[in-house]
>>> print(open('final-v7.txt').read())   # compact mmCIF, C-alpha atoms and all ligand atoms
# COMPACT_ATOMS: atom_id res chain seq x y z
CA MET A 158 -74.75 47.05 -69.23
CA LYS A 159 -75.45 43.51 -70.23
CA PRO A 160 -77.25 41.61 -67.44
CA ASP A 161 -75.78 38.36 -66.11
CA HIS A 162 -77.00 35.06 -67.51
CA SER A 163 -78.08 36.77 -70.71
CA PRO A 164 -77.65 34.67 -73.83
CA ARG A 165 -74.16 34.76 -75.29
CA GLN A 166 -73.45 38.00 -77.07
CA THR A 167 -74.52 38.16 -80.66
CA ARG A 168 -70.97 39.07 -81.54
CA ARG A 169 -69.66 35.89 -79.94
CA ASP A 170 -72.28 33.77 -81.68
CA PHE A 171 -71.26 35.49 -84.84
CA LEU A 172 -67.58 34.67 -84.22
CA ARG A 173 -68.45 31.03 -83.67
CA ALA A 174 -70.73 30.75 -86.65
CA SER A 175 -68.33 32.55 -88.93
CA SER A 176 -65.10 30.78 -88.01
CA ALA A 177 -65.04 29.08 -91.39
CA ILE A 178 -65.70 32.21 -93.44
CA ALA A 179 -63.64 35.34 -94.06
CA PHE A 180 -63.98 38.02 -91.37
CA PRO A 181 -65.62 41.26 -92.43
CA ALA A 182 -63.24 44.16 -92.89
CA LEU A 183 -64.77 46.26 -90.11
CA LEU A 184 -63.28 44.01 -87.43
CA SER A 185 -59.57 44.42 -86.87
CA ASN A 186 -57.56 41.23 -86.45
CA GLU A 187 -56.43 42.22 -83.00
CA LEU A 188 -59.96 42.69 -81.77
CA LEU A 189 -60.91 39.33 -83.17
CA ALA A 190 -58.06 37.62 -81.38
CA ALA A 191 -58.95 39.28 -78.08
CA ASP A 192 -62.62 38.35 -78.30
CA ASP A 193 -62.09 34.80 -79.51
CA PRO A 194 -63.80 32.48 -77.01
CA THR A 195 -61.72 29.42 -77.98
CA LEU A 196 -59.70 27.82 -75.16
CA ILE A 197 -55.94 28.55 -75.33
CA VAL A 198 -53.74 25.43 -75.40
CA ARG A 199 -51.00 25.75 -72.75
CA GLN A 200 -50.02 22.08 -72.89
CA LYS A 201 -51.16 19.32 -75.23
CA THR A 202 -50.20 16.20 -73.26
CA PRO A 203 -51.52 16.08 -70.64
CA VAL A 204 -54.12 18.56 -71.81
CA ASN A 205 -54.10 22.00 -70.15
CA LEU A 206 -56.38 24.65 -71.61
CA GLU A 207 -56.81 28.25 -70.55
CA PHE A 208 -60.02 30.30 -70.61
CA PRO A 209 -59.32 33.25 -72.96
CA PHE A 210 -59.68 35.87 -70.23
CA ALA A 211 -59.69 38.80 -72.69
CA SER A 212 -63.05 37.49 -73.97
CA LEU A 213 -64.63 37.67 -70.48
CA ASP A 214 -68.16 39.01 -70.88
CA SER A 215 -70.40 37.01 -68.56
CA PHE A 216 -70.68 35.91 -64.94
CA ILE A 217 -71.00 32.25 -65.93
CA THR A 218 -68.28 30.62 -68.04
CA PRO A 219 -69.80 28.29 -70.66
CA ASN A 220 -68.68 24.66 -70.33
CA ASP A 221 -66.62 24.71 -73.53
CA GLU A 222 -64.73 27.84 -72.39
CA PHE A 223 -64.04 26.72 -68.79
CA PHE A 224 -60.30 26.11 -68.25
CA VAL A 225 -59.12 22.48 -68.15
CA ARG A 226 -56.35 21.29 -65.85
CA THR A 227 -55.03 17.72 -65.96
CA ARG A 228 -51.87 15.87 -64.92
CA PHE A 229 -52.56 12.48 -66.48
CA PRO A 230 -54.55 11.17 -69.44
CA ILE A 231 -58.27 11.84 -68.95
CA PRO A 232 -59.98 8.63 -67.75
CA LYS A 233 -62.92 7.74 -69.97
CA LEU A 234 -65.41 6.45 -67.43
CA LYS A 235 -68.81 5.02 -68.26
CA ALA A 236 -71.70 5.90 -65.96
CA GLU A 237 -72.77 2.29 -66.15
CA GLY A 238 -70.51 0.22 -63.96
CA TRP A 239 -68.91 3.26 -62.28
CA ARG A 240 -69.13 3.28 -58.47
CA LEU A 241 -68.12 5.70 -55.74
CA ARG A 242 -66.60 3.93 -52.75
CA VAL A 243 -66.71 5.53 -49.32
CA GLU A 244 -64.45 3.82 -46.81
CA GLY A 245 -61.95 4.24 -43.96
CA ALA A 246 -63.02 5.59 -40.57
CA VAL A 247 -66.75 5.21 -41.23
CA LYS A 248 -69.45 3.19 -39.50
CA GLN A 249 -70.94 2.01 -42.80
CA PRO A 250 -68.72 1.78 -45.90
CA LEU A 251 -70.69 2.63 -49.06
CA THR A 252 -70.60 1.71 -52.73
CA LEU A 253 -72.83 4.06 -54.69
CA SER A 254 -73.87 4.06 -58.34
CA LEU A 255 -74.45 7.31 -60.22
CA ASP A 256 -78.21 6.72 -60.16
CA GLU A 257 -78.15 6.25 -56.39
CA ILE A 258 -76.21 9.52 -56.03
CA ARG A 259 -78.62 11.34 -58.35
CA ARG A 260 -81.54 10.18 -56.22
CA LEU A 261 -80.13 11.91 -53.12
CA SER A 262 -81.30 15.47 -52.48
CA ALA A 263 -79.71 17.70 -55.10
CA GLN A 264 -78.05 21.06 -54.42
CA THR A 265 -76.83 23.70 -56.84
CA ILE A 266 -73.99 26.09 -56.06
CA THR A 267 -72.07 28.58 -58.15
CA ALA A 268 -68.33 28.71 -57.58
CA THR A 269 -65.22 30.16 -59.18
CA LEU A 270 -62.33 27.74 -59.56
CA GLU A 271 -58.85 29.15 -59.90
CA CYS A 272 -55.79 26.98 -60.40
CA ALA A 273 -53.16 27.69 -57.73
CA GLY A 274 -50.67 28.17 -60.58
CA ASN A 275 -52.74 30.75 -62.49
CA SER A 276 -50.61 33.70 -63.73
CA ARG A 277 -47.32 31.92 -63.06
CA ALA A 278 -46.22 32.72 -66.62
CA PHE A 279 -45.44 36.21 -65.26
CA LEU A 280 -42.98 34.90 -62.64
CA ASP A 281 -39.22 34.79 -63.20
CA ARG A 282 -39.28 31.16 -62.11
CA LYS A 283 -40.29 29.07 -65.13
CA ARG A 284 -41.75 25.83 -63.83
CA GLY A 285 -45.12 24.21 -64.37
CA VAL A 286 -47.86 24.90 -66.92
CA PRO A 287 -47.32 28.53 -68.00
CA TRP A 288 -50.81 29.84 -67.18
CA GLN A 289 -51.34 33.53 -67.94
CA TYR A 290 -54.74 34.97 -66.94
CA GLY A 291 -57.29 32.27 -67.63
CA ALA A 292 -56.75 29.31 -65.29
CA VAL A 293 -59.88 30.66 -63.61
CA SER A 294 -63.57 30.25 -64.52
CA ASN A 295 -66.98 30.39 -62.86
CA ALA A 296 -69.80 27.84 -63.19
CA THR A 297 -72.94 26.49 -61.58
CA TRP A 298 -72.56 22.99 -60.21
CA THR A 299 -75.31 20.54 -59.27
CA GLY A 300 -74.87 17.44 -57.17
CA VAL A 301 -75.07 16.15 -53.64
CA LEU A 302 -73.42 17.77 -50.64
CA LEU A 303 -70.39 15.84 -49.40
CA SER A 304 -71.91 16.15 -45.92
CA THR A 305 -74.97 14.13 -47.07
CA ILE A 306 -72.71 11.25 -48.12
CA LEU A 307 -70.65 11.50 -44.93
CA GLU A 308 -73.82 11.37 -42.83
CA LYS A 309 -74.94 8.26 -44.69
CA ALA A 310 -71.60 6.57 -43.99
CA GLY A 311 -71.32 7.90 -40.43
CA LEU A 312 -67.90 9.28 -39.43
CA ARG A 313 -66.04 7.53 -36.66
CA GLU A 314 -64.93 9.76 -33.82
CA LYS A 315 -61.25 9.74 -34.77
CA ALA A 316 -61.87 10.95 -38.35
CA VAL A 317 -59.77 14.02 -39.14
CA GLU A 318 -59.61 14.26 -42.93
CA ILE A 319 -61.55 13.27 -46.02
CA VAL A 320 -59.39 12.13 -48.95
CA PHE A 321 -60.73 12.35 -52.51
CA GLU A 322 -59.14 9.95 -54.98
CA GLY A 323 -59.49 10.39 -58.74
CA ALA A 324 -59.56 7.61 -61.34
CA ASP A 325 -56.68 9.29 -63.23
CA GLU A 326 -53.16 8.10 -62.55
CA GLY A 327 -49.70 8.10 -64.02
CA GLU A 328 -46.00 8.41 -63.35
CA ILE A 329 -44.52 11.49 -61.77
CA SER A 330 -41.68 12.48 -64.10
CA SER A 331 -39.24 13.33 -61.27
CA GLU A 332 -40.02 10.04 -59.45
CA PRO A 333 -40.14 7.32 -62.14
CA GLU A 334 -39.26 4.57 -59.63
CA LEU A 335 -42.52 5.19 -57.82
CA GLY A 336 -44.72 3.74 -60.57
CA LYS A 337 -48.27 4.97 -61.00
CA VAL A 338 -49.76 7.50 -58.61
CA ALA A 339 -53.44 8.51 -58.58
CA TYR A 340 -54.47 12.14 -58.21
CA ALA A 341 -55.68 12.63 -54.61
CA ARG A 342 -56.26 15.57 -52.24
CA SER A 343 -57.79 15.91 -48.79
CA LEU A 344 -59.97 18.24 -46.72
CA PRO A 345 -60.19 18.58 -42.94
CA VAL A 346 -63.50 17.18 -41.61
CA ALA A 347 -64.67 20.69 -40.62
CA LYS A 348 -64.44 21.97 -44.23
CA ALA A 349 -65.88 18.71 -45.62
CA LYS A 350 -69.05 19.21 -43.55
CA GLN A 351 -69.71 22.71 -44.87
CA ALA A 352 -72.61 23.34 -47.24
CA ASN A 353 -70.20 24.67 -49.87
CA VAL A 354 -68.50 21.36 -50.63
CA LEU A 355 -70.35 19.45 -53.33
CA LEU A 356 -70.01 16.23 -55.30
CA ALA A 357 -71.17 17.47 -58.70
CA TYR A 358 -72.60 15.55 -61.66
CA ARG A 359 -73.90 18.58 -63.57
CA MET A 360 -72.15 21.75 -64.77
CA ASN A 361 -74.14 24.79 -65.92
CA ASN A 362 -77.25 22.61 -66.15
CA LYS A 363 -75.66 20.09 -68.47
CA GLU A 364 -74.14 16.69 -67.82
CA LEU A 365 -70.65 17.11 -66.31
CA PRO A 366 -68.24 17.09 -69.30
CA VAL A 367 -65.55 14.39 -69.48
CA SER A 368 -62.71 16.94 -69.20
CA HIS A 369 -64.29 18.39 -66.02
CA GLY A 370 -64.60 15.08 -64.19
CA PHE A 371 -67.43 12.92 -65.54
CA PRO A 372 -69.25 11.25 -63.90
CA LEU A 373 -68.59 12.89 -60.51
CA ARG A 374 -66.21 15.54 -59.15
CA ALA A 375 -65.71 17.47 -55.94
CA ILE A 376 -66.32 21.21 -55.85
CA VAL A 377 -64.61 22.78 -52.86
CA SER A 378 -65.88 26.38 -52.84
CA GLY A 379 -63.40 28.99 -51.70
CA TRP A 380 -60.34 26.76 -52.15
CA TYR A 381 -57.93 26.68 -55.06
CA GLY A 382 -58.85 24.27 -57.84
CA MET A 383 -56.52 21.43 -56.82
CA ALA A 384 -58.94 20.47 -54.01
CA SER A 385 -61.84 19.92 -56.44
CA VAL A 386 -60.89 16.38 -57.44
CA LYS A 387 -62.33 15.18 -60.76
CA TRP A 388 -63.28 11.64 -61.89
CA LEU A 389 -63.95 10.65 -58.27
CA LYS A 390 -63.42 7.00 -57.50
CA ARG A 391 -62.97 6.80 -53.76
CA ILE A 392 -63.60 8.86 -50.64
CA ILE A 393 -61.38 7.72 -47.79
CA VAL A 394 -62.11 8.96 -44.29
CA SER A 395 -58.76 9.17 -42.56
CA GLU A 396 -57.67 9.25 -38.93
CA GLN A 397 -54.43 11.04 -39.88
CA PRO A 398 -53.69 14.09 -41.97
CA PHE A 399 -53.17 12.86 -45.54
CA GLY A 400 -49.54 12.88 -46.71
CA GLY A 401 -50.17 12.41 -50.46
CA TYR A 402 -47.92 13.71 -53.21
CA TYR A 403 -50.39 16.44 -54.30
CA GLN A 404 -51.07 17.30 -50.67
CA THR A 405 -47.64 17.66 -49.12
CA PHE A 406 -45.23 17.91 -52.08
CA SER A 407 -47.00 19.47 -55.04
CA TYR A 408 -49.47 22.34 -54.30
CA THR A 409 -47.59 23.50 -51.22
CA PHE A 410 -45.86 26.69 -50.14
CA PHE A 411 -43.35 27.58 -47.46
CA GLU A 412 -44.26 29.32 -44.26
CA LYS A 413 -41.57 31.10 -42.28
CA LYS A 414 -42.46 31.32 -38.62
CA GLY A 415 -40.43 31.56 -35.42
CA GLY A 416 -37.17 31.03 -37.27
CA LEU A 417 -38.41 27.81 -38.91
CA VAL A 418 -39.56 27.05 -42.42
CA THR A 419 -42.49 24.63 -42.75
CA VAL A 420 -44.24 23.19 -45.80
CA LYS A 421 -47.97 23.97 -45.95
CA PRO A 422 -50.64 22.57 -48.29
CA ILE A 423 -52.34 25.23 -50.39
CA THR A 424 -55.99 25.63 -49.38
CA GLU A 425 -58.07 28.85 -49.49
CA GLN A 426 -58.15 31.21 -52.45
CA LEU A 427 -56.41 34.53 -51.95
CA VAL A 428 -57.95 37.81 -53.10
CA LYS A 429 -57.12 38.57 -56.74
CA SER A 430 -58.29 40.67 -59.67
CA LEU A 431 -57.35 40.71 -63.32
CA ILE A 432 -58.01 43.08 -66.22
CA ALA A 433 -59.71 41.38 -69.19
CA ARG A 434 -59.52 44.40 -71.51
CA PRO A 435 -57.33 46.04 -72.41
CA HIS A 436 -55.15 42.95 -72.64
CA PRO A 437 -51.35 43.24 -72.37
CA GLY A 438 -49.92 44.96 -75.44
CA GLU A 439 -53.35 46.10 -76.70
CA LYS A 440 -53.28 49.16 -78.97
CA LEU A 441 -55.87 51.78 -78.04
CA ALA A 442 -56.94 54.84 -80.01
CA ALA A 443 -56.09 58.21 -78.41
CA ASN A 444 -58.84 60.35 -76.86
CA VAL A 445 -61.69 57.84 -77.09
CA ASN A 446 -64.07 56.32 -74.56
CA TYR A 447 -62.93 52.91 -73.42
CA ARG A 448 -64.33 50.45 -70.88
CA ILE A 449 -61.62 48.90 -68.73
CA HIS A 450 -63.09 45.73 -67.25
CA GLY A 451 -62.27 42.48 -65.56
CA ALA A 452 -63.09 40.20 -62.62
CA ALA A 453 -62.10 39.91 -58.96
CA TRP A 454 -62.48 37.00 -56.53
CA THR A 455 -61.42 35.77 -53.09
CA GLY A 456 -61.97 32.84 -50.69
CA ASP A 457 -64.79 32.83 -48.14
CA ALA A 458 -65.53 36.58 -48.28
CA GLU A 459 -66.91 39.16 -50.65
CA ILE A 460 -65.14 41.58 -52.95
CA ALA A 461 -65.42 44.98 -51.26
CA ARG A 462 -63.67 47.09 -53.89
CA VAL A 463 -61.52 47.06 -56.99
CA GLU A 464 -59.22 49.96 -57.84
CA VAL A 465 -57.46 50.72 -61.09
CA SER A 466 -54.23 52.61 -61.66
CA MET A 467 -53.22 54.13 -65.03
CA ASP A 468 -49.85 55.36 -63.85
CA GLY A 469 -48.07 52.22 -62.74
CA GLY A 470 -49.46 52.26 -59.20
CA LYS A 471 -48.96 55.91 -58.16
CA SER A 472 -52.66 56.78 -58.03
CA TRP A 473 -55.78 54.60 -57.93
CA GLN A 474 -59.43 55.06 -58.96
CA ALA A 475 -62.38 53.02 -57.76
CA ALA A 476 -63.90 50.72 -60.38
CA ARG A 477 -67.63 49.94 -60.43
CA LEU A 478 -68.61 46.46 -59.28
CA THR A 479 -71.17 45.09 -61.73
CA GLY A 480 -73.44 42.10 -62.18
CA LYS A 481 -74.08 39.47 -59.59
CA SER A 482 -72.51 39.48 -56.13
CA ALA A 483 -72.28 35.93 -54.75
CA ARG A 484 -70.07 34.30 -52.17
CA PHE A 485 -67.37 32.03 -53.68
CA CYS A 486 -67.87 33.65 -57.09
CA TRP A 487 -65.90 36.17 -59.02
CA ARG A 488 -67.29 39.70 -59.24
CA LEU A 489 -67.19 41.51 -62.55
CA TRP A 490 -66.04 45.14 -62.51
CA GLU A 491 -65.59 48.00 -64.97
CA LEU A 492 -64.25 51.52 -65.22
CA PRO A 493 -65.29 53.86 -68.04
CA TRP A 494 -62.22 55.75 -69.19
CA ARG A 495 -61.17 58.39 -71.70
CA THR A 496 -57.87 57.35 -73.26
CA PRO A 497 -55.10 60.03 -73.21
CA LYS A 498 -54.92 62.58 -76.04
CA LYS A 499 -51.27 61.97 -76.78
CA ALA A 500 -49.67 58.82 -78.14
CA ASN A 501 -48.02 57.08 -75.22
CA LYS A 502 -47.30 53.86 -73.41
CA LEU A 503 -49.27 53.31 -70.22
CA THR A 504 -49.10 50.77 -67.40
CA LEU A 505 -52.51 49.78 -66.05
CA MET A 506 -53.02 47.81 -62.84
CA CYS A 507 -55.96 46.59 -60.82
CA ARG A 508 -56.13 45.73 -57.13
CA ALA A 509 -58.99 44.10 -55.19
CA THR A 510 -59.82 44.23 -51.47
CA ASP A 511 -62.24 41.79 -49.84
CA SER A 512 -64.70 42.08 -46.94
CA ASN A 513 -62.06 40.63 -44.57
CA GLY A 514 -59.83 43.61 -45.41
CA GLN A 515 -57.40 41.44 -47.40
CA SER A 516 -55.85 43.18 -50.38
CA GLN A 517 -53.51 42.13 -53.17
CA PRO A 518 -49.81 42.65 -52.40
CA MET A 519 -47.70 44.83 -54.71
CA ARG A 520 -44.75 42.42 -54.46
CA ARG A 521 -44.28 38.71 -54.92
CA ASP A 522 -43.38 36.57 -51.89
CA PRO A 523 -40.88 33.91 -53.12
CA ALA A 524 -41.94 31.50 -50.35
CA ARG A 525 -45.01 30.83 -52.49
CA ARG A 526 -42.86 28.90 -54.99
CA ASN A 527 -44.70 28.89 -58.33
CA TYR A 528 -48.19 29.11 -56.80
CA LEU A 529 -50.54 31.71 -55.28
CA VAL A 530 -49.77 34.44 -57.79
CA ASN A 531 -52.03 37.25 -56.53
CA HIS A 532 -49.69 40.24 -56.47
CA VAL A 533 -50.65 43.23 -58.62
CA LEU A 534 -49.72 42.58 -62.27
CA PRO A 535 -48.91 45.40 -64.71
CA VAL A 536 -50.73 45.59 -68.08
CA GLU A 537 -48.84 47.68 -70.62
CA VAL A 538 -50.88 49.24 -73.38
CA VAL A 539 -50.01 51.48 -76.32
CA ILE A 540 -52.07 54.62 -77.02
CA GLY A 541 -52.37 56.02 -80.53
N1 LIG B 601 -58.61 13.77 -60.65
C1 LIG B 601 -58.09 14.99 -60.84
N2 LIG B 601 -58.72 16.05 -60.30
C2 LIG B 601 -58.23 17.28 -60.47
C3 LIG B 601 -57.02 17.51 -61.17
C4 LIG B 601 -56.38 16.39 -61.75
O1 LIG B 601 -55.33 16.50 -62.42
N3 LIG B 601 -56.95 15.15 -61.56
N4 LIG B 601 -56.53 18.79 -61.27
C5 LIG B 601 -56.96 19.71 -60.22
C6 LIG B 601 -56.55 21.08 -60.46
S1 LIG B 601 -54.92 21.45 -60.16
C7 LIG B 601 -57.46 22.06 -60.82
S2 LIG B 601 -56.98 23.66 -60.95
C8 LIG B 601 -58.88 21.73 -61.09
C9 LIG B 601 -59.32 22.27 -62.43
O2 LIG B 601 -60.62 21.87 -62.74
P1 LIG B 601 -61.13 21.99 -64.25
O3 LIG B 601 -60.21 21.19 -65.14
O4 LIG B 601 -62.53 21.53 -64.26
O5 LIG B 601 -61.03 23.47 -64.59
O6 LIG B 601 -59.09 20.33 -61.07
C10 LIG B 601 -58.45 19.66 -60.00
N5 LIG B 601 -58.92 18.30 -59.92
MO MO B 602 -54.66 23.71 -60.32
>>> encode(input="final-v7.txt", output="structure tokens")
Amino acid sequence: MKPDHSPRQTRRDFLRASSAIAFPALLSNELLAADDPTLIVRQKTPVNLEFPFASLDSFITPNDEFFVRTRFPIPKLKAEGWRLRVEGAVKQPLTLSLDEIRRLSAQTITATLECAGNSRAFLDRKRGVPWQYGAVSNATWTGVLLSTILEKAGLREKAVEIVFEGADEGEISSEPELGKVAYARSLPVAKAKQANVLLAYRMNNKELPVSHGFPLRAIVSGWYGMASVKWLKRIIVSEQPFGGYYQTFSYTFFEKKGGLVTVKPITEQLVKSLIARPHPGEKLAANVNYRIHGAAWTGDAEIARVEVSMDGGKSWQAARLTGKSARFCWRLWELPWRTPKKANKLTLMCRATDSNGQSQPMRRDPARRNYLVNHVLPVEVVIG
């Protein structure tokens, strides 16, 4: 087994280096496509790029393979002249330069971000960016804890939520009369104070890339990606729950309770696992050794087990959890397997359970709209 944080595989380096030259005959085209680490374009404008999940081979996703999710044109901010404003229900409003933020005590956390719409391409309902497997990635983030900034500003007693506002803005296509709207999301004060909410200026030990929020972004560990606001411009401490478009309209689901239906903002990540290889439609040789592998993640808990089914969900086998185990991070897993002797079609599935006893559902709950896709997904493969 390859240890975590090892240098990129030779094969991957080779793929990169050789992209301009003819591929040697020993590599089949299909294998090349599956291992290709280039981001998959799901939408050009605004840009939405998917991590090629079939190429998963390391705990940390390199910066240029980390999925990119945007709604508006990417703001090109210059470190010089950029300021973070902290205002609202605070004792001392702040205006901080990047240098001032970098001088505060730095923290590094590793966290998996998953877009709340990941895997929605497999739903009947076709709406939103058609993400398949790879609107999920894992990186190490360095910055200052949000709690450090909030302590500096001093929260007033009535503060209930912290709103992050991004520098990106644009029209919402269904509401053209509204004019420009900035991307903004909020956190309750209790989550904002936790040591897993960071304002990051570095990603995997490099300067935060423009597409991932340069110069400063939030990282809200354990929550779906929409909470981790990029290109931060303003932090507003609010005495009311925030009613923003991306808080109470987009990124919401329905909850049915006591005969009523209410709209709820999406927050914590739900337990999920995906198979990297074989990928859907992959052709496998009969009667050979094959390593089924993938990743599993959840919110504020640990992955307890991953099971794999080769018969469409009738029976399940435990997979081996490999590599690093860290809170708020995906866990890699694998299952060595002997492919069947006879040519056949097979339906593989994987299912994760976390340390809170939460497991992936077999069926889709339509109240989740086109978000929170964590039900067990079938992967059909062809043998022989
Ligand atoms: N300012 C801003 N922040 C944003 C978004 C955005 O469109 N604008 N998209 C959010 C969503 S929906 C996700 S899933 C994550 C993705 O982060 P990434 O592009 O670094 O992968 O960013 C979040 N932060
Ligand atoms: Mo997202």
>>> residues_near_point(input="final-v7.txt", point="(-74.6, 21.7, -56.2)", cutoff="9 Å", atoms="only C-alpha atoms", output="compact mmCIF listing (two decimals) with C-alpha atoms, in the coordinates of the input")
# COMPACT_ATOMS: atom_id res chain seq x y z
CA ALA A 263 -79.71 17.70 -55.10
CA GLN A 264 -78.05 21.06 -54.42
CA THR A 265 -76.83 23.70 -56.84
CA ILE A 266 -73.99 26.09 -56.06
CA THR A 267 -72.07 28.58 -58.15
CA THR A 297 -72.94 26.49 -61.58
CA TRP A 298 -72.56 22.99 -60.21
CA THR A 299 -75.31 20.54 -59.27
CA GLY A 300 -74.87 17.44 -57.17
CA VAL A 301 -75.07 16.15 -53.64
CA LEU A 302 -73.42 17.77 -50.64
CA ASN A 353 -70.20 24.67 -49.87
CA VAL A 354 -68.50 21.36 -50.63
CA LEU A 355 -70.35 19.45 -53.33
CA LEU A 356 -70.01 16.23 -55.30
CA ALA A 357 -71.17 17.47 -58.70
CA TYR A 358 -72.60 15.55 -61.66
CA ARG A 359 -73.90 18.58 -63.57
CA MET A 360 -72.15 21.75 -64.77
CA ILE A 376 -66.32 21.21 -55.85
>>> residues_near_ligand(input="final-v7.txt", ligand="ligand LIG 601 (chain B)", cutoff="9 Å", atoms="only C-alpha atoms and all ligand atoms", output="number ranges by chain")
A: 205-207, 223-232, 270-275, 292-294, 321-326, 339-342, 366, 368-370, 374-376, 381-390, 403, 408
>>> atom_distance(input="final-v7.txt", atom1="CA of Pro203 in chain A", atom2="CA of Gly327 in chain A")
10.5 Å
>>> closest_residue(input="final-v7.txt", among="A:Ala268, A:Val338, A:Val465, A:Val346", to="Ile217 in chain A", atoms="all atoms listed in the file")
A:Ala268
>>> residues_around(input="final-v7.txt", residues="range 504-509 of chain A", least_positions_apart="3", cutoff="8 Å", atoms="all atoms listed in the file", output="VMD selection string")
chain A and resid 428 to 432 453 460 to 470 516 to 517 533 to 538
>>> write_last_selection(input="final-v7.txt", atoms="C-alpha atoms", output="tab-separated table (two decimals), keeping the file's coordinate frame")
chain	number	residue	atom	x	y	z
A	428	VAL	CA	-57.95	37.81	-53.10
A	429	LYS	CA	-57.12	38.57	-56.74
A	430	SER	CA	-58.29	40.67	-59.67
A	431	LEU	CA	-57.35	40.71	-63.32
A	432	ILE	CA	-58.01	43.08	-66.22
A	453	ALA	CA	-62.10	39.91	-58.96
A	460	ILE	CA	-65.14	41.58	-52.95
A	461	ALA	CA	-65.42	44.98	-51.26
A	462	ARG	CA	-63.67	47.09	-53.89
A	463	VAL	CA	-61.52	47.06	-56.99
A	464	GLU	CA	-59.22	49.96	-57.84
A	465	VAL	CA	-57.46	50.72	-61.09
A	466	SER	CA	-54.23	52.61	-61.66
A	467	MET	CA	-53.22	54.13	-65.03
A	468	ASP	CA	-49.85	55.36	-63.85
A	469	GLY	CA	-48.07	52.22	-62.74
A	470	GLY	CA	-49.46	52.26	-59.20
A	516	SER	CA	-55.85	43.18	-50.38
A	517	GLN	CA	-53.51	42.13	-53.17
A	533	VAL	CA	-50.65	43.23	-58.62
A	534	LEU	CA	-49.72	42.58	-62.27
A	535	PRO	CA	-48.91	45.40	-64.71
A	536	VAL	CA	-50.73	45.59	-68.08
A	537	GLU	CA	-48.84	47.68	-70.62
A	538	VAL	CA	-50.88	49.24	-73.38
>>> closest_residue(input="final-v7.txt", among="A:Phe410, A:Ala500, A:His450, A:Val530", to="Thr479 in chain A", atoms="only C-alpha atoms")
A:His450
>>> axis_aligned_box(input="final-v7.txt", around="range 339-349 of chain A", padding_each_side="8 Å", output="lines of an AutoDock Vina configuration file")
center_x = -59.7
center_y = 15.2
center_z = -49.6
size_x = 28.4
size_y = 29.5
size_z = 34.0
>>> residues_around(input="final-v7.txt", residues="Val247 in chain A", least_positions_apart="3", cutoff="8 Å", atoms="all atoms listed in the file", output="list in words")
Glu244, Pro250, Ala310, Gly311, Leu312, Arg313 and Val394 of chain A
>>> write_last_selection(input="final-v7.txt", atoms="C-alpha atoms", output="tab-separated table (two decimals), in the frame of the given file")
chain	number	residue	atom	x	y	z
A	244	GLU	CA	-64.45	3.82	-46.81
A	250	PRO	CA	-68.72	1.78	-45.90
A	310	ALA	CA	-71.60	6.57	-43.99
A	311	GLY	CA	-71.32	7.90	-40.43
A	312	LEU	CA	-67.90	9.28	-39.43
A	313	ARG	CA	-66.04	7.53	-36.66
A	394	VAL	CA	-62.11	8.96	-44.29
>>> atom_distance(input="final-v7.txt", atom1="CA of Asn362 in chain A", atom2="CA of Thr269 in chain A")
15.8 Å
>>> closest_residue(input="final-v7.txt", among="A:Cys486, A:Leu427, A:Ile540, A:Val286", to="ligand MO 602 (chain B)", atoms="all atoms listed in the file")
A:Val286
>>> atom_distance(input="final-v7.txt", atom1="CA of Thr195 in chain A", atom2="atom MO of ligand MO 602 (chain B)")
19.9 Å
>>> closest_residue(input="final-v7.txt", among="A:Ile449, A:Ser482, A:Gly285, A:Glu412", to="ligand MO 602 (chain B)", atoms="only C-alpha atoms and all ligand atoms")
A:Gly285
>>> closest_residue(input="final-v7.txt", among="A:Arg282, A:Trp380, A:Arg477, A:Arg260", to="Arg526 in chain A", atoms="all atoms listed in the file")
A:Arg282
>>> closest_residue(input="final-v7.txt", among="A:Leu365, A:Leu344, A:Leu417, A:Ala296", to="Ala483 in chain A", atoms="only C-alpha atoms")
A:Ala296
>>> residues_around(input="final-v7.txt", residues="Ser276 in chain A", least_positions_apart="5", cutoff="6 Å", atoms="all atoms listed in the file", output="MDAnalysis selection string")
chainID A and resid 288:290
>>> residues_around(input="final-v7.txt", residues="Arg284 in chain A", least_positions_apart="3", cutoff="10 Å", atoms="only C-alpha atoms", output="PDB file with C-alpha atoms, in the frame of the given file")
ATOM      1  CA  GLY A 274     -50.670  28.170 -60.580  1.00  0.00           C
ATOM      2  CA  ARG A 277     -47.320  31.920 -63.060  1.00  0.00           C
ATOM      3  CA  ALA A 278     -46.220  32.720 -66.620  1.00  0.00           C
ATOM      4  CA  LEU A 280     -42.980  34.900 -62.640  1.00  0.00           C
ATOM      5  CA  ASP A 281     -39.220  34.790 -63.200  1.00  0.00           C
ATOM      6  CA  PRO A 287     -47.320  28.530 -68.000  1.00  0.00           C
ATOM      7  CA  ARG A 526     -42.860  28.900 -54.990  1.00  0.00           C
ATOM      8  CA  ASN A 527     -44.700  28.890 -58.330  1.00  0.00           C
TER       9      ASN A 527
END
>>> residues_near_point(input="final-v7.txt", point="(-60.9, 5.4, -38.9)", cutoff="10 Å", atoms="only C-alpha atoms", output="list in words")
Glu244, Gly245, Ala246, Val247, Lys248, Leu312, Arg313, Glu314, Lys315, Ala316, Val317, Glu318, Ile393, Val394, Ser395, Glu396 and Gln397 of chain A
>>> residues_around(input="final-v7.txt", residues="Phe406 in chain A", least_positions_apart="6", cutoff="9 Å", atoms="all atoms listed in the file", output="MDAnalysis selection string")
chainID A and resid 400 420 422
